[in-house]
Each structure stands twice: as C-alpha cells, then as structure tokens.
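**Student:** Pasting a structure below so you can have a look.
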Amino acid sequence: MSRASFALPYWLSAPGAIAILALVGLPLAMTFALSLHPFLPDGSVGGKLTLSNYEQIVSDGYYLAIFARTFALATLVTLVCVVVGVPEAYVLSRLSSRWRAVSIVVVLGPLLVSVVVRTLGWAILLGNEGAINSSLIALGVIDAPLRLMFTFTGVVVALVHVLLPYMVLAVWASLQKLDPATEQAADALGAGHFTVLRRIVLPQVIPGILAGALIVFALAASAFATPAIIGGRRLKVVPTTIFDQFLNELNWPMGAALAATLMALVLSITMIVNAFVERRYKQVFA
C-alpha cells in the first residue's frame with residue numbers, strides 16, 4: 001500500500017476535523033483564555049493573566065454549594081432515568097413490531113418538542129393551581145397545594161421527563177444486539193426469569209446503560225432552560241449562575257471560569273465512571 005493511499009482517510013476526514021476545531025475547539029479555547037483574566041472594578045476585563053477566578057470558585061462556599069447542588073441534581077436525575085428507562089426499554093424490545101413502532105413514537109415524541117415548551121408544560125402542571133395540585137385537592141388527598149414549583153423536586157421531575165428518551169434509546173439499541181436464542185437456551189436449562197435477566201440480559205446491556213447514564217448525567221449537569229424555568233431564582237445551578245455572570249453581572253471572566261470548571265468536572269466524572277464500570281464489568285462478567 002502506497003503512502004498516499006494510506007493517508008487518504010485522514011485527508012478525507014480533514015474538513016470535518018477543521019469544522020469541529022473551528023466551531024467547538026476554538027470557542028472553548030477562547031472561553032478558557034477569558035477565564036484567566038481579572039474582572040476590574042470599572043466593569044472591564046484586565047489584561048493580566050491570573051487564577052483568581054478559579055481561586056474564588058474553590059474558596060467561596062456560595063459557588064461550592066451551587067456545584068454540589070448541580071451534581072446532586074444530575075446524579076439523582078440519572079438514577080431515576082436508569083430505574084425507569086431500563087425496564088421501559090426492555091419491555092419495548094419485547095413488543096410486537098406494530099406496538100413497538102407505536103411505543104417508539106411515544107418515546108421519541110417529546111424529542112420533537114422544544115425543551116422550553118416541555119418545561120413550560122411542567123410549570124403549568126406543577127403550579128399551585130396546576131393539574132397535579134387541583135387533582136389531589138379534588139380527591140381529598142391534600143388540603144392545601146403542594147409546593148412543587150421552584151423546588152429541587154420539581155426540577156428533578158421535569159429533567160427526568162426531558163432526558164428519559166436518551167436512556168431508553170441507548171438501552172434499547174443494546175437490546176437489539178441481544179440474541180434471543182441465549183435466553184431461550186437458559187430457560188430450557190431451567191434458569192428462572194430473574195436469573196436470565198441477571199446473567200444473560202444485564203451483562204449485554206451494561207454498555208447501553210453506561211452510555212445512556214453518561215449522556216443523561218452530562219445533559220442534566222449542563223441543563224439551563226429547565227432549572228431556570230422550574231427552579232427560578234431560588235434554585236441556583238451552575239448553568240443559571242453562568243448566565244447571570246455573563247448577562248446580569250457582566251463578569252465575563254467569572255462566567256468563563258464557571259463554564260470551564262463545569263466542563264472539566266463533567267468530563268472528569270464521565271471518564272472516571274466509565275473506567276470504573278468497565279473494569280468492574282470485566283471482573284464480574286468475565
């Protein structure tokens with residue numbers, strides 16, 4: 001094979017690589033560079049390089065609490081999506097072709113609607129006079145409306161609805177590669193249904209569960225519209241704080257530092273969890 005033919009795939013991928021570097025890599029590099037500049041009292045950005053913005057994030061309890069709340073929210077949303085999405089995907093894979101098509105449309109339907117529209121729908125449902133509180137009061141379950149808007153619980157409920165399709169699709173894609181003959185063989189050998197799920201199905205869908213969980217976690221940690229609408233000003237998370245720093249406080253260096261820190265933490269957590277789960281997966285199911 002000639003050197004030119006060997007290098008051809010790399011040359012063919014060059015336009016895409018250049019586009020990614022220009023549209024993704026360059027803005028990220030500029031954001032990180034901006035985070036290394038101080039914010040001057042007159043509202044301008046200083047020219048001297050400094051780590052003061054990152055030092056303030058690490059030392060200020062206000063920012064630490066916001067980061068803790070953000071990752072607690074992302075973790076809880078991910079766990080709920082795993083608990084709900086994995087069984088849903090399993091049931092979906094066992095349906096007949098007609099009902100499977102209908103179910104896929106139901107699962108993917110929310111993705112066809114804007115996140116803002118879906119979140120506003122939840123705002124109507126979770127309000128003091130919304131459908132949930134009105135139904136519970138009418139049934140006599142509660143006497144006064146439950147406080148669901150501008151709460152951690154309300155944001156979790158809305159984010160689970162927004163991000164659940166990603167988990168279902170990831171697990172369902174893994175289940176499509178599962179050979180039904182292996183389950184039939186285990187059943188013929190006397191294995192119970194729970195044993196088949198634990199020893200046959202689960203090991204083969206763990207990559208899909210991991211992929212879906214990482215996608216949901218990253219999207220939940222970086223979500224802006226849903227926490228901003230459902231959580232409001234009372235429930236600060238990192239994305240809404242970044243918005244305030246850029247557009248309300250006009251402190252662009254601090255906003256850039258928060259964005260860079262969030263991205264670094266999400267990438268680090270994703271890589272650590274991925275490596276840990278893969279290692280445990282090989283040890284347990286080898």
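Within each chain, counting starts at residue 1; across the structure tokens, chains are named A, B, ... in the order shown, with ligands numbered 1 upward in that order.
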Residues near range 121-128 of chain A, anyone? I mean within 6 Å using only C-alpha atoms, not counting same-chain ones fewer than 5 positions away, as a VMD selection string.
**Tutor:** chain A and resid 145 148 to 149
**Student:** Sorted by chain and rising residue number, which residues of range 42-108 of chain A lie within 12 Å of range 229-234 of chain A, and what are their closest atom pairs and distances in Å to one decimal, counting only C-alpha atoms, as a Markdown table?
**Tutor:**
```
| residue | atom | partner | partner_atom | distance |
| --- | --- | --- | --- | --- |
| A:Ile66 | CA | A:Arg234 | CA | 11.5 |
| A:Arg69 | CA | A:Gly231 | CA | 11.9 |
| A:Thr70 | CA | A:Gly231 | CA | 11.8 |
| A:Leu73 | CA | A:Gly231 | CA | 11.5 |
```
**Student:** Taking 3 positions as the minimum chain separation for residues in the same chain, which residues sit within 12 Å of Ile269 in chain A when counting only C-alpha atoms? Answer as JSON, numbers by chain.
**Tutor:** {"A": [71, 74, 75, 213, 214, 215, 217, 218, 221, 262, 263, 264, 265, 266, 272, 273, 274, 275, 276, 277]}
**Student:** Please produce an output containing C-alpha atoms for each residue in the selection, written as a PDB file, in the first residue's frame.
**Tutor:**
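Okay, this is what ended up in part-v5.pdb:
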```pdb
ATOM      1  CA  PHE A  71     -24.074  17.427  40.567  1.00  0.00           C
ATOM      2  CA  ALA A  74     -27.566  15.408  37.781  1.00  0.00           C
ATOM      3  CA  THR A  75     -26.868  12.247  39.793  1.00  0.00           C
ATOM      4  CA  ALA A 213     -26.338   7.276  32.037  1.00  0.00           C
ATOM      5  CA  LEU A 214     -23.327   9.321  30.925  1.00  0.00           C
ATOM      6  CA  ILE A 215     -25.404  11.179  28.332  1.00  0.00           C
ATOM      7  CA  PHE A 217     -25.669  12.996  33.516  1.00  0.00           C
ATOM      8  CA  ALA A 218     -23.839  15.378  31.190  1.00  0.00           C
ATOM      9  CA  ALA A 221     -25.459  18.915  34.742  1.00  0.00           C
ATOM     10  CA  LEU A 262     -18.185  22.695  34.904  1.00  0.00           C
ATOM     11  CA  MET A 263     -16.903  21.223  31.641  1.00  0.00           C
ATOM     12  CA  ALA A 264     -13.731  19.893  33.293  1.00  0.00           C
ATOM     13  CA  LEU A 265     -15.667  18.298  36.161  1.00  0.00           C
ATOM     14  CA  VAL A 266     -18.253  16.689  33.879  1.00  0.00           C
ATOM     15  CA  ILE A 272     -13.700   8.051  35.899  1.00  0.00           C
ATOM     16  CA  VAL A 273     -17.144   6.405  35.997  1.00  0.00           C
ATOM     17  CA  ASN A 274     -16.631   4.911  32.539  1.00  0.00           C
ATOM     18  CA  ALA A 275     -13.274   3.395  33.510  1.00  0.00           C
ATOM     19  CA  PHE A 276     -14.605   2.093  36.847  1.00  0.00           C
ATOM     20  CA  VAL A 277     -17.733   0.486  35.375  1.00  0.00           C
TER      21      VAL A 277
END
```
**Student:** Let's see if you can do this: from backbone DSSP, list all alpha helix (DSSP H) residues in range 117-286 of chain A, as number ranges by chain.
**Tutor:** A: 117-126, 131-138, 152-176, 180-188, 193-196, 202-221, 225-226, 238-243, 252-285
**Student:** Rank nothing, just name the residue among A:Ala257, A:Ala29, A:Ala14, A:Val80 nearest to Ala220 in chain A, using only C-alpha atoms.
**Tutor:**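 Ranking A:Ala257, A:Ala29, A:Ala14, A:Val80 by distance to Ala220 in chain A, first place goes to A:Val80.
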**Student:** Can you work out which one of A:Val45, A:Leu169, A:Ile57, A:Leu247 has the shortest atom-to-atom distance to Ala33 in chain A, counting only C-alpha atoms?
**Tutor:**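 Smallest separation from Ala33 in chain A among the options: A:Val45.
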**Student:** Compare A:Tyr62, A:Tyr90, A:Phe224, A:Phe32 by their minimum atom-to-atom distance to Leu175 in chain A, counting only C-alpha atoms, and give me the closest one.
**Tutor:**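 Checking each candidate against Leu175 in chain A, we get A:Tyr90 as the closest.
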**Student:** Could you list, as a list in words, every residue within 12 Å of Arg100 in chain A, counting only C-alpha atoms and ignoring same-chain residues fewer than 6 positions away?
**Tutor:** Glu88, Ala89, Tyr90, Val91, Leu92, Ser93, Arg94, Val106, Val107, Leu108 and Trp172 of chain A
**Student:** Of the candidates A:Leu49, A:Met167, A:Leu12, A:Ala101, which one gets nearest to Pro87 in chain A if we count only C-alpha atoms?
**Tutor:**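 Distance minimum relative to Pro87 in chain A lands on A:Met167.
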**Student:** Restricting the calculation to only C-alpha atoms: of A:Ala211, A:Ala17, A:Leu146, A:Ile206, which residue gets closest to Ala131 in chain A?
**Tutor:** A:Leu146
